[in-house]
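Notes to accompany the following structure.
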Amino acid sequence: MKVQIDSGRCQGHGRCYDIAPGVFGEDVEGYGNVPGNGTVPPGNEREVRLAVASCPERAITLIEGA
């Protein structure tokens, strides 16, 4: 499973990195990002799904089976 954030849609609410700090980070302006290649570490799947569902702009894409 992988995730990616559409930087054009992200408004910097920070829910993703508050919910799943082991997967998401923030840039210097407070917008969400995905450090590394976006692979979700084992054990973080539940938090990532919650972060995806909690994004008000729907800026996070979840790629199953990647």
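Each chain in the structure tokens gets a letter, A, B and so on, in the order shown; residues start at 1 in every chain, and ligands are counted from 1 in the order they appear.
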
Please list as a short mmCIF file (atom, residue, chain, number, x, y, z; two decimals) with all heavy atoms, in the first residue's frame every residue within 10 Å of region 30-38 of chain A, counting only C-alpha atoms and excluding residues in the same chain fewer than 2 positions away.
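Writing done, so here's selection.cif:
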data_model
loop_
_atom_site.label_atom_id
_atom_site.label_comp_id
_atom_site.auth_asym_id
_atom_site.auth_seq_id
_atom_site.Cartn_x
_atom_site.Cartn_y
_atom_site.Cartn_z
N MET A 1 0.85 -1.17 0.00
CA MET A 1 0.00 0.00 0.00
C MET A 1 0.90 1.23 0.00
O MET A 1 1.90 1.28 0.71
CB MET A 1 -0.90 -0.03 1.24
CG MET A 1 -1.61 1.24 1.55
SD MET A 1 -2.53 1.23 3.11
CE MET A 1 -3.57 -0.18 2.96
N LYS A 2 0.51 2.22 -0.82
CA LYS A 2 1.24 3.49 -0.87
C LYS A 2 0.24 4.64 -0.78
O LYS A 2 -0.94 4.46 -1.06
CB LYS A 2 2.02 3.63 -2.18
CG LYS A 2 3.24 2.76 -2.26
CD LYS A 2 4.05 3.14 -3.47
CE LYS A 2 5.35 2.35 -3.48
NZ LYS A 2 6.26 2.85 -4.51
N VAL A 3 0.75 5.81 -0.40
CA VAL A 3 -0.07 7.02 -0.37
C VAL A 3 0.68 8.14 -1.07
O VAL A 3 1.91 8.13 -1.15
CB VAL A 3 -0.42 7.45 1.06
CG1 VAL A 3 -1.37 6.50 1.72
CG2 VAL A 3 0.81 7.65 1.91
N GLN A 4 -0.10 9.08 -1.56
CA GLN A 4 0.48 10.29 -2.12
C GLN A 4 -0.46 11.44 -1.83
O GLN A 4 -1.66 11.25 -1.65
CB GLN A 4 0.75 10.16 -3.61
CG GLN A 4 -0.46 9.85 -4.45
CD GLN A 4 -0.08 9.52 -5.89
OE1 GLN A 4 1.00 9.01 -6.16
NE2 GLN A 4 -0.98 9.81 -6.80
N ILE A 5 0.10 12.64 -1.75
CA ILE A 5 -0.69 13.84 -1.49
C ILE A 5 -0.62 14.74 -2.71
O ILE A 5 0.47 15.01 -3.24
CB ILE A 5 -0.17 14.60 -0.25
CG1 ILE A 5 -0.38 13.76 1.01
CG2 ILE A 5 -0.88 15.94 -0.11
CD1 ILE A 5 0.12 14.41 2.28
N ASP A 6 -1.77 15.22 -3.15
CA ASP A 6 -1.85 16.18 -4.24
C ASP A 6 -1.59 17.56 -3.64
O ASP A 6 -2.46 18.13 -2.97
CB ASP A 6 -3.24 16.11 -4.88
CG ASP A 6 -3.42 17.08 -6.03
OD1 ASP A 6 -2.63 18.04 -6.16
OD2 ASP A 6 -4.38 16.88 -6.80
N SER A 7 -0.41 18.09 -3.87
CA SER A 7 -0.02 19.37 -3.27
C SER A 7 -0.89 20.53 -3.76
O SER A 7 -1.01 21.54 -3.08
CB SER A 7 1.46 19.66 -3.52
OG SER A 7 1.72 19.72 -4.90
N CYS A 10 -4.03 20.15 -1.29
CA CYS A 10 -3.77 20.24 0.15
C CYS A 10 -3.87 21.70 0.61
O CYS A 10 -3.28 22.59 -0.01
CB CYS A 10 -2.40 19.67 0.49
SG CYS A 10 -1.97 19.78 2.24
N GLN A 11 -4.60 21.92 1.69
CA GLN A 11 -4.76 23.26 2.25
C GLN A 11 -4.06 23.40 3.60
O GLN A 11 -4.17 24.44 4.26
CB GLN A 11 -6.24 23.60 2.40
CG GLN A 11 -6.97 23.68 1.07
CD GLN A 11 -6.45 24.84 0.23
OE1 GLN A 11 -6.42 25.97 0.67
NE2 GLN A 11 -6.02 24.53 -0.99
N GLY A 12 -3.34 22.37 4.04
CA GLY A 12 -2.54 22.45 5.26
C GLY A 12 -3.31 22.31 6.56
O GLY A 12 -2.89 22.84 7.58
N HIS A 13 -4.41 21.57 6.54
CA HIS A 13 -5.16 21.35 7.79
C HIS A 13 -4.36 20.51 8.79
O HIS A 13 -4.57 20.63 9.99
CB HIS A 13 -6.50 20.68 7.50
CG HIS A 13 -7.44 21.54 6.73
ND1 HIS A 13 -8.16 22.56 7.30
CD2 HIS A 13 -7.76 21.56 5.42
CE1 HIS A 13 -8.88 23.16 6.38
NE2 HIS A 13 -8.65 22.57 5.22
N GLY A 14 -3.50 19.64 8.29
CA GLY A 14 -2.62 18.86 9.16
C GLY A 14 -3.23 17.61 9.75
O GLY A 14 -2.61 16.96 10.58
N ARG A 15 -4.40 17.24 9.33
CA ARG A 15 -5.03 16.05 9.90
C ARG A 15 -4.22 14.80 9.58
O ARG A 15 -4.12 13.90 10.41
CB ARG A 15 -6.45 15.90 9.39
CG ARG A 15 -7.35 16.99 9.90
CD ARG A 15 -8.75 16.86 9.38
NE ARG A 15 -9.54 18.01 9.81
CZ ARG A 15 -10.75 18.25 9.39
NH1 ARG A 15 -11.34 17.42 8.55
NH2 ARG A 15 -11.40 19.31 9.81
N CYS A 16 -3.66 14.74 8.39
CA CYS A 16 -2.92 13.53 7.98
C CYS A 16 -1.73 13.28 8.91
O CYS A 16 -1.56 12.18 9.43
CB CYS A 16 -2.47 13.62 6.53
SG CYS A 16 -1.44 15.03 6.12
N TYR A 17 -0.92 14.29 9.14
CA TYR A 17 0.25 14.06 9.99
C TYR A 17 -0.08 14.04 11.47
O TYR A 17 0.70 13.55 12.28
CB TYR A 17 1.42 14.99 9.67
CG TYR A 17 1.14 16.47 9.58
CD1 TYR A 17 1.08 17.26 10.71
CD2 TYR A 17 1.00 17.08 8.34
CE1 TYR A 17 0.86 18.62 10.62
CE2 TYR A 17 0.78 18.44 8.24
CZ TYR A 17 0.72 19.21 9.39
OH TYR A 17 0.51 20.56 9.30
N ASP A 18 -1.25 14.55 11.87
CA ASP A 18 -1.69 14.39 13.25
C ASP A 18 -2.16 12.95 13.49
O ASP A 18 -1.90 12.38 14.55
CB ASP A 18 -2.83 15.35 13.59
CG ASP A 18 -2.36 16.77 13.80
OD1 ASP A 18 -1.14 16.98 14.01
OD2 ASP A 18 -3.21 17.68 13.76
N PRO A 21 1.46 10.18 12.02
CA PRO A 21 2.76 10.85 11.93
C PRO A 21 3.89 9.94 11.45
O PRO A 21 4.92 10.44 10.99
CB PRO A 21 3.01 11.34 13.36
CG PRO A 21 2.19 10.44 14.22
CD PRO A 21 0.99 10.08 13.40
N GLY A 22 3.68 8.64 11.51
CA GLY A 22 4.70 7.72 11.02
C GLY A 22 4.72 7.59 9.50
O GLY A 22 5.63 7.00 8.93
N VAL A 23 3.72 8.17 8.84
CA VAL A 23 3.60 8.08 7.38
C VAL A 23 3.67 9.46 6.74
O VAL A 23 4.31 9.65 5.72
CB VAL A 23 2.29 7.38 6.99
CG1 VAL A 23 2.13 7.33 5.48
CG2 VAL A 23 2.24 5.98 7.58
N PHE A 24 2.98 10.43 7.34
CA PHE A 24 2.90 11.77 6.78
C PHE A 24 3.77 12.74 7.54
O PHE A 24 4.00 12.59 8.74
CB PHE A 24 1.45 12.28 6.81
CG PHE A 24 0.49 11.42 6.04
CD1 PHE A 24 -0.29 10.48 6.68
CD2 PHE A 24 0.38 11.53 4.67
CE1 PHE A 24 -1.18 9.68 5.99
CE2 PHE A 24 -0.49 10.73 3.95
CZ PHE A 24 -1.28 9.81 4.61
N GLY A 25 4.21 13.75 6.83
CA GLY A 25 4.97 14.83 7.45
C GLY A 25 4.40 16.15 6.99
O GLY A 25 3.37 16.21 6.34
N GLU A 26 5.10 17.23 7.35
CA GLU A 26 4.68 18.54 6.91
C GLU A 26 5.87 19.30 6.36
O GLU A 26 7.01 19.10 6.80
CB GLU A 26 4.03 19.33 8.04
CG GLU A 26 4.96 19.63 9.19
CD GLU A 26 4.27 20.40 10.31
OE1 GLU A 26 3.69 21.46 10.05
OE2 GLU A 26 4.35 19.91 11.45
N ASP A 27 5.60 20.16 5.39
CA ASP A 27 6.68 20.97 4.84
C ASP A 27 6.84 22.24 5.69
O ASP A 27 6.15 22.40 6.71
CB ASP A 27 6.46 21.27 3.35
CG ASP A 27 5.26 22.16 3.07
OD1 ASP A 27 4.70 22.78 4.00
OD2 ASP A 27 4.87 22.24 1.89
N VAL A 28 7.71 23.13 5.29
CA VAL A 28 7.99 24.33 6.09
C VAL A 28 6.80 25.27 6.19
O VAL A 28 6.73 26.10 7.10
CB VAL A 28 9.22 25.09 5.55
CG1 VAL A 28 10.47 24.24 5.68
CG2 VAL A 28 9.03 25.53 4.11
N VAL A 40 3.51 2.61 2.86
CA VAL A 40 2.96 2.61 4.21
C VAL A 40 3.64 1.49 5.00
O VAL A 40 3.55 0.32 4.62
CB VAL A 40 1.43 2.41 4.19
CG1 VAL A 40 0.87 2.32 5.59
CG2 VAL A 40 0.77 3.53 3.39
N PRO A 41 4.31 1.83 6.11
CA PRO A 41 4.95 0.80 6.92
C PRO A 41 3.92 -0.16 7.52
O PRO A 41 2.80 0.25 7.83
CB PRO A 41 5.65 1.59 8.04
CG PRO A 41 5.74 2.99 7.55
CD PRO A 41 4.57 3.17 6.64
N ALA A 59 -7.25 15.24 -0.65
CA ALA A 59 -5.97 15.43 -1.34
C ALA A 59 -5.06 14.21 -1.26
O ALA A 59 -4.02 14.16 -1.90
CB ALA A 59 -5.22 16.63 -0.75
N ILE A 60 -5.47 13.19 -0.49
CA ILE A 60 -4.64 12.00 -0.31
C ILE A 60 -5.18 10.85 -1.14
O ILE A 60 -6.37 10.54 -1.08
CB ILE A 60 -4.59 11.58 1.17
CG1 ILE A 60 -4.17 12.74 2.06
CG2 ILE A 60 -3.65 10.39 1.35
CD1 ILE A 60 -4.34 12.48 3.54
N LEU A 62 -4.82 6.81 -1.88
CA LEU A 62 -4.36 5.53 -1.36
C LEU A 62 -4.25 4.56 -2.53
O LEU A 62 -5.21 4.39 -3.28
CB LEU A 62 -5.35 5.02 -0.33
CG LEU A 62 -5.02 3.72 0.38
CD1 LEU A 62 -3.75 3.85 1.20
CD2 LEU A 62 -6.17 3.33 1.27
N ILE A 63 -3.09 3.96 -2.68
CA ILE A 63 -2.84 3.02 -3.77
C ILE A 63 -2.69 1.62 -3.16
O ILE A 63 -1.68 1.33 -2.52
CB ILE A 63 -1.58 3.41 -4.56
CG1 ILE A 63 -1.70 4.86 -5.06
CG2 ILE A 63 -1.36 2.45 -5.71
CD1 ILE A 63 -0.39 5.45 -5.50
N ALA A 66 0.28 -1.72 -3.83
CA ALA A 66 1.55 -1.18 -4.34
C ALA A 66 2.68 -1.43 -3.37
O ALA A 66 2.51 -1.59 -2.23
CB ALA A 66 1.42 0.32 -4.60
#

Item to complete: Per DSSP on the backbone, filter chain A down to the residues in alpha helix (DSSP H) and report them as an MDAnalysis selection string.
Response: chainID A and resid 15:19 45:54

Write the residues of the preceding selection, restricted to all heavy atoms, as a tab-separated table (two decimals), in the first residue's frame.
chain	number	residue	atom	x	y	z
A	15	ARG	N	-4.40	17.24	9.33
A	15	ARG	CA	-5.03	16.05	9.90
A	15	ARG	C	-4.22	14.80	9.58
A	15	ARG	O	-4.12	13.90	10.41
A	15	ARG	CB	-6.45	15.90	9.39
A	15	ARG	CG	-7.35	16.99	9.90
A	15	ARG	CD	-8.75	16.86	9.38
A	15	ARG	NE	-9.54	18.01	9.81
A	15	ARG	CZ	-10.75	18.25	9.39
A	15	ARG	NH1	-11.34	17.42	8.55
A	15	ARG	NH2	-11.40	19.31	9.81
A	16	CYS	N	-3.66	14.74	8.39
A	16	CYS	CA	-2.92	13.53	7.98
A	16	CYS	C	-1.73	13.28	8.91
A	16	CYS	O	-1.56	12.18	9.43
A	16	CYS	CB	-2.47	13.62	6.53
A	16	CYS	SG	-1.44	15.03	6.12
A	17	TYR	N	-0.92	14.29	9.14
A	17	TYR	CA	0.25	14.06	9.99
A	17	TYR	C	-0.08	14.04	11.47
A	17	TYR	O	0.70	13.55	12.28
A	17	TYR	CB	1.42	14.99	9.67
A	17	TYR	CG	1.14	16.47	9.58
A	17	TYR	CD1	1.08	17.26	10.71
A	17	TYR	CD2	1.00	17.08	8.34
A	17	TYR	CE1	0.86	18.62	10.62
A	17	TYR	CE2	0.78	18.44	8.24
A	17	TYR	CZ	0.72	19.21	9.39
A	17	TYR	OH	0.51	20.56	9.30
A	18	ASP	N	-1.25	14.55	11.87
A	18	ASP	CA	-1.69	14.39	13.25
A	18	ASP	C	-2.16	12.95	13.49
A	18	ASP	O	-1.90	12.38	14.55
A	18	ASP	CB	-2.83	15.35	13.59
A	18	ASP	CG	-2.36	16.77	13.80
A	18	ASP	OD1	-1.14	16.98	14.01
A	18	ASP	OD2	-3.21	17.68	13.76
A	19	ILE	N	-2.86	12.38	12.52
A	19	ILE	CA	-3.43	11.04	12.66
A	19	ILE	C	-2.37	9.95	12.43
A	19	ILE	O	-2.35	8.95	13.15
A	19	ILE	CB	-4.61	10.85	11.68
A	19	ILE	CG1	-5.76	11.78	12.10
A	19	ILE	CG2	-5.06	9.40	11.63
A	19	ILE	CD1	-6.88	11.87	11.08
A	45	GLU	N	-1.54	0.85	8.50
A	45	GLU	CA	-2.62	0.86	7.51
A	45	GLU	C	-3.89	1.50	8.06
A	45	GLU	O	-4.54	2.31	7.38
A	45	GLU	CB	-2.93	-0.55	7.02
A	45	GLU	CG	-1.81	-1.21	6.25
A	45	GLU	CD	-0.81	-1.96	7.12
A	45	GLU	OE1	-0.90	-1.88	8.39
A	45	GLU	OE2	0.06	-2.64	6.55
A	46	ARG	N	-4.27	1.18	9.28
A	46	ARG	CA	-5.51	1.70	9.87
A	46	ARG	C	-5.45	3.22	9.99
A	46	ARG	O	-6.39	3.93	9.62
A	46	ARG	CB	-5.74	1.07	11.24
A	46	ARG	CG	-7.02	1.52	11.90
A	46	ARG	CD	-7.23	0.78	13.24
A	46	ARG	NE	-8.18	1.47	14.04
A	46	ARG	CZ	-7.89	2.46	14.89
A	46	ARG	NH1	-6.65	2.85	15.05
A	46	ARG	NH2	-8.83	3.05	15.59
A	47	GLU	N	-4.33	3.74	10.50
A	47	GLU	CA	-4.17	5.18	10.67
A	47	GLU	C	-4.17	5.90	9.32
A	47	GLU	O	-4.73	6.99	9.19
A	47	GLU	CB	-2.89	5.50	11.43
A	47	GLU	CG	-2.93	5.11	12.89
A	47	GLU	CD	-2.58	3.65	13.15
A	47	GLU	OE1	-2.22	2.93	12.19
A	47	GLU	OE2	-2.67	3.23	14.32
A	48	VAL	N	-3.56	5.28	8.32
A	48	VAL	CA	-3.52	5.89	6.99
A	48	VAL	C	-4.93	5.97	6.41
A	48	VAL	O	-5.33	6.99	5.85
A	48	VAL	CB	-2.56	5.12	6.06
A	48	VAL	CG1	-2.77	5.53	4.61
A	48	VAL	CG2	-1.13	5.36	6.48
A	49	ARG	N	-5.70	4.92	6.54
A	49	ARG	CA	-7.07	4.94	6.03
A	49	ARG	C	-7.89	6.03	6.74
A	49	ARG	O	-8.69	6.73	6.10
A	49	ARG	CB	-7.74	3.58	6.21
A	49	ARG	CG	-7.17	2.52	5.30
A	49	ARG	CD	-7.90	1.19	5.50
A	49	ARG	NE	-7.19	0.09	4.91
A	49	ARG	CZ	-7.13	-0.18	3.61
A	49	ARG	NH1	-7.76	0.60	2.76
A	49	ARG	NH2	-6.45	-1.22	3.16
A	50	LEU	N	-7.69	6.19	8.03
A	50	LEU	CA	-8.38	7.24	8.78
A	50	LEU	C	-7.93	8.63	8.30
A	50	LEU	O	-8.75	9.53	8.14
A	50	LEU	CB	-8.13	7.08	10.28
A	50	LEU	CG	-8.82	8.09	11.19
A	50	LEU	CD1	-10.33	8.07	11.00
A	50	LEU	CD2	-8.45	7.81	12.64
A	51	ALA	N	-6.64	8.79	8.04
A	51	ALA	CA	-6.14	10.07	7.54
A	51	ALA	C	-6.72	10.40	6.17
A	51	ALA	O	-7.12	11.53	5.91
A	51	ALA	CB	-4.61	10.05	7.47
A	52	VAL	N	-6.80	9.39	5.30
A	52	VAL	CA	-7.38	9.59	3.97
A	52	VAL	C	-8.84	10.03	4.10
A	52	VAL	O	-9.28	10.99	3.46
A	52	VAL	CB	-7.27	8.31	3.11
A	52	VAL	CG1	-8.08	8.42	1.84
A	52	VAL	CG2	-5.82	8.00	2.80
A	53	ALA	N	-9.58	9.36	4.95
A	53	ALA	CA	-11.00	9.68	5.14
A	53	ALA	C	-11.20	11.03	5.82
A	53	ALA	O	-12.23	11.67	5.62
A	53	ALA	CB	-11.68	8.59	5.97
A	54	SER	N	-10.22	11.49	6.58
A	54	SER	CA	-10.33	12.74	7.34
A	54	SER	C	-9.88	13.97	6.58
A	54	SER	O	-10.08	15.09	7.04
A	54	SER	CB	-9.53	12.64	8.63
A	54	SER	OG	-10.03	11.61	9.45

Worksheet item: Could you pull out the strand (DSSP E or B) residues of chain A from DSSP and send them as a PyMOL selection string?
Response: chain A and resi 2-5+25-26+32-33+39+60-63
